[in-house]
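Below is the file final.txt, which contains compact mmCIF, C-alpha atoms.
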# COMPACT_ATOMS: atom_id res chain seq x y z
CA MET A 16 114.15 96.18 120.14
CA SER A 17 112.79 94.93 116.81
CA SER A 18 112.43 97.17 113.79
CA PRO A 19 109.00 98.70 113.05
CA ARG A 20 106.75 96.67 110.76
CA VAL A 21 105.02 97.96 107.63
CA PHE A 22 102.17 96.20 105.81
CA LEU A 23 101.87 97.44 102.21
CA TYR A 24 98.94 96.34 100.03
CA VAL A 25 98.82 96.59 96.23
CA GLN A 26 96.42 95.28 93.59
CA HIS A 27 97.33 95.34 89.90
CA LEU A 28 94.55 94.38 87.51
CA LEU A 29 95.82 94.83 83.95
CA GLY A 30 99.47 95.86 83.59
CA ILE A 31 102.14 95.60 86.26
CA GLY A 32 102.74 99.31 86.85
CA HIS A 33 101.09 99.45 90.27
CA LEU A 34 103.04 96.41 91.47
CA THR A 35 106.30 97.78 90.06
CA ARG A 36 105.89 101.08 91.89
CA ALA A 37 104.81 99.39 95.13
CA ALA A 38 107.81 97.05 94.92
CA THR A 39 110.16 100.01 94.49
CA LEU A 40 108.59 101.62 97.54
CA ALA A 41 108.80 98.36 99.52
CA ARG A 42 112.51 98.02 98.78
CA ALA A 43 113.08 101.58 99.94
CA LEU A 44 111.19 100.86 103.17
CA ALA A 45 113.32 97.78 103.81
CA SER A 46 116.47 99.78 103.06
CA ALA A 47 115.34 102.28 105.71
CA GLY A 48 115.38 99.49 108.30
CA LEU A 49 111.67 98.67 108.35
CA GLN A 50 110.36 95.11 108.38
CA THR A 51 108.30 95.28 105.21
CA THR A 52 105.55 92.95 104.04
CA LEU A 53 104.21 93.58 100.54
CA VAL A 54 100.84 91.96 99.92
CA SER A 55 100.01 91.58 96.23
CA GLY A 56 96.56 90.74 94.93
CA GLY A 57 97.41 90.59 91.22
CA SER A 58 99.01 87.97 89.01
CA PRO A 59 102.46 86.85 90.20
CA VAL A 60 105.49 88.44 88.52
CA PRO A 61 108.51 86.21 89.26
CA ALA A 62 111.12 88.82 88.36
CA ILE A 63 109.68 91.31 90.85
CA ALA A 64 109.37 88.59 93.49
CA ALA A 65 113.06 87.75 93.08
CA GLU A 66 114.11 91.38 93.46
CA LEU A 67 112.01 91.77 96.60
CA ALA A 68 113.48 88.64 98.18
CA LYS A 69 116.99 89.84 97.41
CA ASP A 70 116.28 93.16 99.14
CA GLY A 71 114.72 91.67 102.25
CA VAL A 72 111.04 92.35 101.53
CA ARG A 73 108.52 89.67 102.47
CA LEU A 74 106.09 89.16 99.57
CA LEU A 75 102.71 87.66 100.35
CA GLN A 76 100.76 86.59 97.27
CA LEU A 77 96.99 86.56 97.64
CA PRO A 78 94.80 84.48 95.30
CA ALA A 79 95.27 86.51 92.14
CA ALA A 80 92.59 88.74 90.65
CA SER A 81 92.65 90.46 87.26
CA ALA A 82 90.33 92.68 85.23
CA ALA A 83 88.13 91.08 82.58
CA ASP A 84 88.40 94.15 80.35
CA LEU A 85 89.26 97.84 80.28
CA SER A 86 86.13 98.79 82.22
CA PHE A 87 87.71 97.13 85.30
CA ARG A 88 84.21 96.33 86.58
CA THR A 89 84.47 92.54 86.44
CA LEU A 90 87.13 90.63 88.37
CA LEU A 91 88.48 87.25 87.29
CA ASP A 92 90.17 84.70 89.54
CA GLU A 93 93.35 82.75 88.84
CA ALA A 94 91.50 80.39 86.49
CA GLY A 95 89.86 83.19 84.52
CA ARG A 96 86.45 82.74 86.13
CA VAL A 97 84.33 85.63 87.35
CA VAL A 98 84.87 85.89 91.09
CA ASP A 99 81.95 85.02 93.34
CA GLU A 100 81.03 85.82 96.91
CA ALA A 101 82.71 82.71 98.27
CA TRP A 102 85.99 83.72 96.59
CA ARG A 103 85.70 87.23 98.05
CA ARG A 104 85.17 85.80 101.54
CA ARG A 105 88.18 83.49 101.23
CA ARG A 106 90.45 86.25 100.02
CA THR A 107 89.28 88.68 102.69
CA ALA A 108 89.94 86.09 105.38
CA GLU A 109 93.45 85.44 104.02
CA LEU A 110 94.24 89.16 103.89
CA LEU A 111 93.03 89.70 107.47
CA ARG A 112 95.05 86.73 108.74
CA ALA A 113 98.17 88.12 107.11
CA TYR A 114 97.56 91.56 108.59
CA GLU A 115 97.03 90.18 112.09
CA ALA A 116 100.18 88.06 111.83
CA CYS A 117 102.20 91.08 110.78
CA ASP A 118 100.74 93.39 113.46
CA PRO A 119 102.24 96.47 111.76
CA GLN A 120 102.96 99.90 113.12
CA VAL A 121 102.11 101.33 109.68
CA LEU A 122 99.50 100.15 107.16
CA VAL A 123 99.86 101.47 103.61
CA LEU A 124 97.24 100.92 100.90
CA GLU A 125 98.24 101.61 97.31
CA LEU A 126 95.63 103.72 95.47
CA PHE A 127 92.58 103.00 97.66
CA PRO A 128 90.35 104.93 98.36
CA PHE A 129 91.08 107.01 95.24
CA GLY A 130 90.78 103.87 93.14
CA ARG A 131 90.43 100.08 93.43
CA ARG A 132 86.85 100.36 94.63
CA GLN A 133 86.42 96.82 93.25
CA MET A 134 88.49 95.65 96.21
CA ARG A 135 86.50 97.37 98.94
CA PHE A 136 85.01 93.98 99.87
CA GLU A 137 88.38 93.23 101.54
CA LEU A 138 89.87 96.69 102.11
CA LEU A 139 87.05 98.10 104.23
CA PRO A 140 87.21 95.09 106.59
CA LEU A 141 90.99 95.53 106.71
CA LEU A 142 90.62 99.21 107.62
CA GLU A 143 88.00 98.37 110.24
CA ALA A 144 90.35 95.78 111.74
CA ALA A 145 93.12 98.38 111.89
CA ALA A 146 90.81 100.93 113.51
CA ALA A 147 89.70 98.42 116.14
CA ALA A 148 93.18 97.11 116.97
CA PRO A 149 94.37 97.57 120.58
CA ARG A 150 97.34 99.45 119.14
CA ARG A 151 95.97 101.20 116.09
CA PRO A 152 98.53 101.45 113.27
CA PHE A 153 99.27 104.61 111.38
CA VAL A 154 97.32 104.36 108.12
CA ALA A 155 98.48 105.93 104.86
CA CYS A 156 97.44 105.86 101.22
CA SER A 157 100.12 105.63 98.52
CA VAL A 158 98.93 107.21 95.28
CA ARG A 159 100.59 108.26 92.04
CA ASP A 160 100.61 111.83 90.76
CA ILE A 161 97.41 111.50 88.68
CA LEU A 162 94.20 109.56 89.16
CA GLY A 163 92.84 107.65 86.18
CA GLY A 164 89.33 107.69 84.78
CA ARG A 165 86.43 110.00 85.41
CA LYS A 166 84.81 109.87 88.85
CA SER A 167 81.37 111.19 89.74
CA ALA A 168 80.95 113.80 92.45
CA GLU A 169 79.25 111.16 94.60
CA ARG A 170 82.24 108.81 94.35
CA GLN A 171 84.68 111.59 95.14
CA GLU A 172 82.62 112.54 98.17
CA GLU A 173 82.71 108.92 99.32
CA THR A 174 86.49 108.96 98.89
CA LEU A 175 86.72 112.00 101.16
CA GLN A 176 84.60 110.25 103.78
CA TRP A 177 86.85 107.18 103.76
CA ILE A 178 89.96 109.36 104.07
CA ALA A 179 88.45 111.22 107.02
CA ARG A 180 87.40 108.01 108.74
CA TYR A 181 90.40 105.73 108.19
CA PHE A 182 93.50 107.52 106.89
CA ASP A 183 96.11 109.62 108.66
CA ARG A 184 98.11 110.69 105.61
CA VAL A 185 98.13 110.49 101.80
CA LEU A 186 101.49 110.03 100.08
CA VAL A 187 101.29 111.61 96.61
CA HIS A 188 104.15 110.27 94.53
CA GLY A 189 104.60 113.33 92.36
CA ASP A 190 106.14 116.77 92.12
CA PRO A 191 103.73 119.69 92.62
CA ALA A 192 106.04 121.95 90.65
CA ILE A 193 105.05 119.91 87.59
CA LEU A 194 101.62 118.58 88.41
CA GLU A 195 99.43 119.22 91.44
CA PHE A 196 97.18 116.45 92.71
CA GLY A 197 94.18 118.72 92.33
CA ARG A 198 94.43 118.45 88.53
CA SER A 199 92.89 114.97 88.75
CA PHE A 200 91.26 115.15 92.21
CA PRO A 201 89.36 118.44 92.40
CA PHE A 202 88.70 118.12 96.14
CA ALA A 203 92.40 117.98 97.06
CA GLU A 204 92.17 121.18 99.08
CA ARG A 205 89.76 119.48 101.48
CA ILE A 206 92.46 116.98 102.46
CA ALA A 207 95.43 119.33 102.14
CA ALA A 208 96.47 118.76 105.76
CA LYS A 209 96.94 115.05 105.06
CA LEU A 210 98.73 115.33 101.70
CA HIS A 211 102.49 114.77 101.45
CA TYR A 212 104.17 115.14 98.06
CA THR A 213 107.11 112.76 98.02
CA GLY A 214 108.55 113.27 94.55
CA TYR A 215 108.38 110.57 91.89
CA VAL A 216 109.05 106.96 92.87
CA VAL A 217 111.62 105.68 90.36
CA ASN A 218 113.20 102.27 90.07
CA GLU A 219 116.73 102.42 91.47
CA ALA A 220 117.88 99.33 89.57
CA PRO A 221 121.47 99.50 88.36
CA ALA A 222 122.04 100.74 84.84
CA SER A 223 123.15 97.30 83.71
CA GLY A 224 121.13 94.39 85.01
CA CYS A 225 122.52 91.04 86.01
CA GLY A 226 124.19 89.43 83.04
CA ALA A 227 123.29 92.29 80.71
CA ASP A 228 125.44 93.53 77.83
CA PRO A 229 126.76 96.95 78.94
CA GLY A 230 127.08 98.00 75.29
CA ALA A 231 123.50 97.23 74.33
CA GLY A 232 121.30 100.20 73.53
CA LYS A 233 124.10 102.59 72.49
CA ASP A 234 122.54 105.15 70.11
CA GLU A 235 119.59 102.85 69.47
CA VAL A 236 115.89 103.67 69.29
CA LEU A 237 114.31 101.91 72.27
CA VAL A 238 110.64 100.96 71.84
CA SER A 239 108.74 99.68 74.86
CA ALA A 240 105.19 99.18 76.09
CA GLY A 241 105.52 98.30 79.77
CA GLY A 242 104.16 94.82 80.41
CA GLY A 243 102.75 94.80 76.89
CA ALA A 244 99.14 93.97 77.73
CA VAL A 245 97.84 97.04 75.88
CA GLY A 246 100.85 97.94 73.73
CA ALA A 247 100.40 96.01 70.47
CA ALA A 248 99.26 99.01 68.39
CA LEU A 249 102.22 101.14 69.49
CA LEU A 250 104.74 98.37 68.87
CA GLU A 251 103.43 97.67 65.37
CA ALA A 252 103.36 101.38 64.50
CA ALA A 253 106.97 101.72 65.64
CA ILE A 254 108.13 98.75 63.57
CA ARG A 255 106.46 100.21 60.48
CA ALA A 256 107.72 103.76 61.28
CA ARG A 257 111.42 102.87 61.16
CA PRO A 258 111.90 103.12 57.39
CA LEU A 259 110.00 106.44 57.37
CA SER A 260 112.16 108.08 60.03
CA SER A 261 115.44 109.97 59.88
CA LEU A 262 116.71 107.33 62.36
CA ARG A 263 116.19 104.49 59.90
CA ASP A 264 119.91 103.72 60.00
CA ARG A 265 119.87 103.05 63.76
CA VAL A 266 119.06 99.78 65.46
CA TRP A 267 115.50 99.83 66.81
CA ARG A 268 115.19 97.60 69.88
CA VAL A 269 111.57 96.61 70.50
CA LEU A 270 110.72 95.34 74.00
CA ALA A 271 107.30 93.75 73.64
CA GLY A 272 106.66 92.98 77.32
CA ASN A 273 105.87 89.66 78.95
CA ASN A 274 102.11 90.24 78.82
CA LEU A 275 101.87 90.82 75.07
CA PRO A 276 99.86 87.89 73.65
CA GLN A 277 102.09 85.28 72.03
CA ALA A 278 100.16 85.57 68.75
CA ASP A 279 101.08 89.25 68.53
CA PHE A 280 104.71 88.51 69.39
CA ARG A 281 104.93 85.92 66.60
CA ARG A 282 103.27 88.35 64.17
CA PHE A 283 105.83 91.04 64.98
CA ALA A 284 108.66 88.51 64.62
CA ASP A 285 107.38 87.68 61.14
CA LEU A 286 107.03 91.38 60.31
CA ILE A 287 110.68 92.14 61.08
CA ALA A 288 112.14 88.88 59.78
CA ALA A 289 113.72 90.60 56.77
CA ASP A 290 114.86 93.70 58.70
CA SER A 291 118.18 93.19 60.44
CA GLY A 292 117.92 96.67 61.94
CA ILE A 293 115.16 95.71 64.38
CA VAL A 294 115.73 93.59 67.48
CA LEU A 295 112.59 92.09 69.07
CA GLU A 296 112.72 90.94 72.70
CA ARG A 297 110.19 90.34 75.45
CA SER A 298 112.02 92.31 78.15
CA ARG A 299 115.46 93.03 79.56
CA PRO A 300 116.80 93.42 83.09
CA ASP A 301 118.87 96.43 82.03
CA PHE A 302 116.01 98.61 80.76
CA VAL A 303 117.18 101.62 82.77
CA GLY A 304 120.66 101.25 81.32
CA LEU A 305 119.26 101.04 77.79
CA LEU A 306 117.39 104.28 78.40
CA SER A 307 120.56 106.05 79.50
CA ARG A 308 122.38 105.01 76.30
CA CYS A 309 119.67 105.24 73.65
CA ALA A 310 119.29 107.91 70.99
CA LEU A 311 115.53 108.01 71.58
CA SER A 312 112.82 106.23 73.56
CA ILE A 313 109.35 105.47 72.18
CA SER A 314 106.84 104.35 74.79
CA GLN A 315 103.45 104.88 76.35
CA ALA A 316 103.20 107.41 79.18
CA GLY A 317 102.75 105.16 82.18
CA TYR A 318 104.12 106.47 85.45
CA ASN A 319 107.06 104.08 85.82
CA THR A 320 108.32 104.15 82.24
CA LEU A 321 108.03 107.91 81.90
CA MET A 322 109.86 108.58 85.17
CA GLU A 323 112.64 106.14 84.30
CA THR A 324 112.94 107.78 80.88
CA LEU A 325 113.21 111.29 82.29
CA ARG A 326 115.61 110.29 85.03
CA ALA A 327 117.84 108.65 82.42
CA GLY A 328 117.84 111.91 80.45
CA ALA A 329 116.52 110.23 77.30
CA ARG A 330 114.84 112.03 74.44
CA ALA A 331 111.39 110.55 74.12
CA VAL A 332 108.23 110.22 72.09
CA VAL A 333 105.30 109.12 74.24
CA VAL A 334 101.95 107.82 73.04
CA PRO A 335 99.66 107.90 76.11
CA PHE A 336 97.30 104.97 76.55
CA ALA A 337 93.77 106.37 76.30
CA ALA A 338 91.39 103.45 75.76
CA GLY A 339 88.25 103.04 77.83
CA GLN A 340 87.93 105.77 80.45
CA GLU A 341 91.67 106.30 80.84
CA THR A 342 92.84 109.91 81.13
CA GLU A 343 95.85 109.52 83.43
CA GLN A 344 98.60 108.99 80.87
CA THR A 345 97.32 111.75 78.59
CA LEU A 346 97.34 114.36 81.35
CA ARG A 347 100.80 113.33 82.57
CA ALA A 348 102.25 113.34 79.07
CA ARG A 349 100.85 116.76 78.26
CA CYS A 350 102.21 118.27 81.47
CA PHE A 351 105.71 116.97 80.75
CA ALA A 352 105.46 118.02 77.11
CA GLU A 353 104.60 121.57 78.20
CA ARG A 354 108.02 121.68 79.85
CA GLY A 355 109.77 120.38 76.76
CA PHE A 356 110.71 117.02 78.30
CA VAL A 357 108.89 114.75 75.82
CA GLN A 358 107.23 114.77 72.41
CA VAL A 359 103.59 113.63 72.62
CA LEU A 360 101.64 111.79 69.93
CA GLU A 361 98.03 111.18 70.90
CA GLU A 362 96.89 107.56 70.61
CA ALA A 363 94.02 108.54 68.30
CA SER A 364 96.56 109.98 65.84
CA LEU A 365 98.94 107.01 65.94
CA THR A 366 100.08 105.90 62.47
CA PRO A 367 103.53 104.86 61.27
CA ALA A 368 103.92 108.15 59.40
CA ALA A 369 102.80 110.27 62.36
CA LEU A 370 105.10 108.37 64.69
CA ALA A 371 108.06 108.77 62.33
CA ALA A 372 107.41 112.53 62.18
CA ALA A 373 107.26 112.70 66.00
CA VAL A 374 110.56 110.81 66.19
CA ASP A 375 112.18 113.32 63.83
CA ARG A 376 110.95 116.23 65.95
CA ALA A 377 112.05 114.66 69.22
CA VAL A 378 115.56 113.70 68.14
CA GLY A 379 116.38 117.34 67.43
CA ARG A 380 115.42 118.48 70.90
CA PRO A 381 117.77 118.72 73.91
CA ARG A 382 117.76 115.92 76.44
CA PRO A 383 115.90 116.51 79.72
CA GLY A 384 118.23 117.82 82.42
CA ALA A 385 119.02 116.06 85.69
CA GLY A 386 116.66 118.41 87.53
CA ALA A 387 113.63 117.77 85.33
CA ALA A 388 111.63 116.66 88.38
CA ASN A 389 112.00 115.43 91.95
CA PHE A 390 112.85 111.73 91.57
CA SER A 391 113.49 111.02 95.28
CA GLY A 392 110.00 109.70 95.97
CA ALA A 393 111.03 106.26 97.20
CA ALA A 394 113.57 107.52 99.74
CA ASN A 395 111.35 110.41 100.85
CA SER A 396 108.38 108.07 101.33
CA ALA A 397 110.47 105.64 103.33
CA ALA A 398 111.71 108.44 105.59
CA LEU A 399 108.15 109.59 106.26
CA VAL A 400 106.88 106.07 106.96
CA ALA A 401 109.82 105.39 109.29
CA ARG A 402 109.01 108.57 111.22
CA TRP A 403 105.34 107.68 111.46
CA ALA A 404 106.23 104.17 112.61
CA ARG A 405 108.24 105.63 115.48
CA GLU A 406 106.02 108.55 116.41
CA GLY A 407 102.50 107.63 115.31
CA VAL A 408 100.05 110.31 114.20
CA ALA A 409 101.70 113.73 114.36
Show the structure stored in the file as structure tokens.
Amino acid sequence: MSSPRVFLYVQHLLGIGHLTRAATLARALASAGLQTTLVSGGSPVPAIAAELAKDGVRLLQLPAASAADLSFRTLLDEAGRVVDEAWRRRRTAELLRAYEACDPQVLVLELFPFGRRQMRFELLPLLEAAAAAPRRPFVACSVRDILGGRKSAERQEETLQWIARYFDRVLVHGDPAILEFGRSFPFAERIAAKLHYTGYVVNEAPASGCGADPGAGKDEVLVSAGGGAVGAALLEAAIRARPLSSLRDRVWRVLAGNNLPQADFRRFADLIAADSGIVLERSRPDFVGLLSRCALSISQAGYNTLMETLRAGARAVVVPFAAGQETEQTLRARCFAERGFVQVLEEASLTPAALAAAVDRAVGRPRPGAGAANFSGAANSAALVARWAREGVA
């Protein structure tokens, strides 16, 4: 008897956070003995693809779409052109063919219908195909602890209708003891019977990546901005904050991210050319290990980075990304700051002097304890999906 099949869909549009979390979940599903297909609609990320292949996850790359700007209203294709109706039809057809070939027992959509409305041209046909299948799969939504942006009452009502019509369960990758889903989705009580809090989904990568220096990061200040697409202001402020901070004698390791524009990377390289105490790199495979050894982390407050930081027990200053309509990182950062886990500096107040002062406050605080939050979200999600694959709708 073959193992149950899971079809997991994710679309990242700006950074790579959604894909990173979905990949962590996919690896956990495969580890639980499920045949897992991860379908990605965003730009390819070779490092993630390699990790998935190593862990037995089948990655299917759709024609890539990205956001034209922070409004997320306009989609661009692989060549940077605004997508048209013909492109939407082609991609929908490819997605449906992949779904039919997989014939899963469980279908999991990352974020939709709470977000990614831009992709409903392909996701609603996918959900209709699942509903009409001779053997209907169990359908779940995978969503992080907080929803981003501000949604109208009409849109939230439409979300509830889609959940009622198509979805059996909603996996909330968070810890209600810290942050309840209702803080960002006020109608959570109306779907309470379908909600399952899993704990936070955290990358289980080893502390030292392949070929990494196990001594790197010891007592350093680690500065990061995820993929780097929207991190230039934070990185520059950190570089300029070093001489103003009480940690000026430490090495500051700046991870710019692979999506930081090359012009910005060259500018930062020029800025630190005369400062031997700053190391500038694009990324490292041993990021989790660096967190566990650093004196302090400076980062934005994206889901993945913040959870990896807390799990590593690192002292941290977080500057939540708040451009456009984004509210997600600010709410998450404030909730964790209320519990003394991080020091928050609002993006609107970001200056080198303000960041240096936040660093000095944070370094004097105790490290977060091992029980700061429930970090078993990947394993708990995989256990639930495996049960649903065997039993169907409970």
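Considering the residues A:Gln76, A:Gln344, A:Ser260, A:Thr320 and counting all atoms listed in the file, Ala113 (chain A) has its shortest atom-to-atom contact with A:Gln76.
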- [ ] Write out as a ChimeraX atom specification the residues lying within 8 Å of Glu296 (chain A), counting all atoms listed in the file and excluding same-chain residues fewer than 2 positions away.
- [x] /A:268-272,294,298-299
Include C-alpha atoms and write out the residues we just selected as a compact mmCIF listing (two decimals), keeping the file's coordinate frame.
# COMPACT_ATOMS: atom_id res chain seq x y z
CA ARG A 268 115.19 97.60 69.88
CA VAL A 269 111.57 96.61 70.50
CA LEU A 270 110.72 95.34 74.00
CA ALA A 271 107.30 93.75 73.64
CA GLY A 272 106.66 92.98 77.32
CA VAL A 294 115.73 93.59 67.48
CA SER A 298 112.02 92.31 78.15
CA ARG A 299 115.46 93.03 79.56
Task: For Gly243 (chain A): contacts at 12 Å, only C-alpha atoms, fewer than 5 positions along chain excluded, given as number ranges by chain - done: A: 29-32, 238, 248-251, 269-277, 279-280, 296-298, 314-315, 317, 336
- [ ] Name the residues in contact with region 140-143 of chain A at a cut-off of 12 Å, using all atoms listed in the file, excluding same-chain residues fewer than 2 positions from it; report them as a ChimeraX atom specification.
- [x] /A:22-24,103-104,106-115,121-124,127-128,134-138,145-148,151-156,177-178,180-183
Task: Distance of CA of Leu40 (chain A) from CA of Ala192 (chain A), expressed in Å to one decimal place - done: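 These two atoms are separated by 21.6 Å.
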Open item on the list: As an exercise, work out the distance from CA of Glu172 (chain A) to CA of Leu346 (chain A) in Å and give it to one decimal place.
Closed with: 22.4 Å
Task: Computed interatomic separation between CA of Ala79 (chain A) and CA of Leu34 (chain A) (Å) - done: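 That distance, rounded to one decimal, is 12.6 Å.
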TODO: Write out as an NGL selection string each polymer residue whose atoms come within 6 Å of Val72 (chain A), counting all atoms listed in the file; drop sequence neighbours fewer than 4 positions from it.
DONE: :A and (51 or 67-68)
Would you kindly identify which residues have an atom no farther than 10 Å from (110.0, 106.4, 106.6), using only C-alpha atoms and the file's own coordinates, and write them out as a short mmCIF file (atom, residue, chain, number, x, y, z; two decimals) with C-alpha atoms, in the frame of the given file?
data_model
loop_
_atom_site.label_atom_id
_atom_site.label_comp_id
_atom_site.auth_asym_id
_atom_site.auth_seq_id
_atom_site.Cartn_x
_atom_site.Cartn_y
_atom_site.Cartn_z
CA VAL A 21 105.02 97.96 107.63
CA ALA A 43 113.08 101.58 99.94
CA LEU A 44 111.19 100.86 103.17
CA ALA A 45 113.32 97.78 103.81
CA SER A 46 116.47 99.78 103.06
CA ALA A 47 115.34 102.28 105.71
CA GLY A 48 115.38 99.49 108.30
CA LEU A 49 111.67 98.67 108.35
CA VAL A 121 102.11 101.33 109.68
CA ALA A 393 111.03 106.26 97.20
CA ALA A 394 113.57 107.52 99.74
CA ASN A 395 111.35 110.41 100.85
CA SER A 396 108.38 108.07 101.33
CA ALA A 397 110.47 105.64 103.33
CA ALA A 398 111.71 108.44 105.59
CA LEU A 399 108.15 109.59 106.26
CA VAL A 400 106.88 106.07 106.96
CA ALA A 401 109.82 105.39 109.29
CA ARG A 402 109.01 108.57 111.22
CA TRP A 403 105.34 107.68 111.46
CA ALA A 404 106.23 104.17 112.61
CA ARG A 405 108.24 105.63 115.48
#
Task: Distance criterion (only C-alpha atoms): nearest to Thr39 (chain A) out of A:Asn319, A:Ser18, A:Ser86, A:Thr213 - done: A:Asn319
Open item on the list: Taking (102.6, 90.3, 91.6) in the coordinates of the supplied file, I want to know which residues reach to within 12 Å of it, counting only C-alpha atoms; could you give the answer as a PyMOL selection string?
Closed with: chain A and resi 24-38+53-67+74-81
Open item on the list: Please determine, counting only C-alpha atoms, which residue among A:Glu323, A:Asp301, A:Glu93, A:Asp70 has the shortest atom-to-atom distance to Ala385 (chain A).
Closed with: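 The closest residue to Ala385 (chain A) is A:Glu323.
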- [ ] Please provide the set of residues having any atom within 8 Å of Phe196 (chain A), restricted to only C-alpha atoms, with same-chain residues fewer than 2 positions apart removed, written as a list in words.
- [x]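 Residues near the query, excluding close chain neighbours: Asp160, Ile161, Val187, Pro191, Leu194, Arg198, Ser199, Phe200 and Ala203 of chain A.
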Open item on the list: From the options A:Gly189, A:Gly71, A:Pro300, A:Pro367, which residue's atoms come nearest to Ala256 (chain A), counting all atoms listed in the file?
Closed with: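 So, comparing all the options, the nearest one is A:Pro367.
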Will you give me region 16-28 of chain A, written with N, CA and C atoms and laid out as an mmCIF file, in the first residue's frame?
data_model
loop_
_atom_site.group_PDB
_atom_site.id
_atom_site.type_symbol
_atom_site.label_atom_id
_atom_site.label_comp_id
_atom_site.auth_asym_id
_atom_site.auth_seq_id
_atom_site.Cartn_x
_atom_site.Cartn_y
_atom_site.Cartn_z
ATOM 1 N N MET A 16 0.848 -1.194 0.000
ATOM 2 C CA MET A 16 0.000 0.000 0.000
ATOM 3 C C MET A 16 0.884 1.246 0.000
ATOM 4 N N SER A 17 0.648 2.137 -0.970
ATOM 5 C CA SER A 17 1.489 3.323 -1.098
ATOM 6 C C SER A 17 1.153 4.342 -0.017
ATOM 7 N N SER A 18 2.119 5.208 0.243
ATOM 8 C CA SER A 18 1.923 6.247 1.256
ATOM 9 C C SER A 18 0.930 7.295 0.753
ATOM 10 N N PRO A 19 0.200 7.939 1.675
ATOM 11 C CA PRO A 19 -0.728 9.000 1.268
ATOM 12 C C PRO A 19 0.019 10.141 0.587
ATOM 13 N N ARG A 20 -0.674 10.811 -0.318
ATOM 14 C CA ARG A 20 -0.093 11.897 -1.104
ATOM 15 C C ARG A 20 -0.651 13.245 -0.635
ATOM 16 N N VAL A 21 0.244 14.225 -0.556
ATOM 17 C CA VAL A 21 -0.125 15.587 -0.156
ATOM 18 C C VAL A 21 0.318 16.549 -1.249
ATOM 19 N N PHE A 22 -0.554 17.457 -1.601
ATOM 20 C CA PHE A 22 -0.287 18.486 -2.616
ATOM 21 C C PHE A 22 -0.331 19.828 -1.904
ATOM 22 N N LEU A 23 0.826 20.478 -1.777
ATOM 23 C CA LEU A 23 0.961 21.723 -1.016
ATOM 24 C C LEU A 23 1.309 22.859 -1.965
ATOM 25 N N TYR A 24 0.485 23.894 -1.963
ATOM 26 C CA TYR A 24 0.654 25.040 -2.874
ATOM 27 C C TYR A 24 1.132 26.250 -2.088
ATOM 28 N N VAL A 25 2.124 26.975 -2.646
ATOM 29 C CA VAL A 25 2.590 28.216 -2.035
ATOM 30 C C VAL A 25 2.930 29.220 -3.130
ATOM 31 N N GLN A 26 2.655 30.489 -2.837
ATOM 32 C CA GLN A 26 2.994 31.572 -3.759
ATOM 33 C C GLN A 26 3.691 32.669 -2.972
ATOM 34 N N HIS A 27 4.985 32.879 -3.243
ATOM 35 C CA HIS A 27 5.667 34.037 -2.666
ATOM 36 C C HIS A 27 5.772 35.111 -3.746
ATOM 37 N N LEU A 28 5.590 36.361 -3.328
ATOM 38 C CA LEU A 28 5.510 37.453 -4.292
ATOM 39 C C LEU A 28 6.606 38.497 -4.136
#
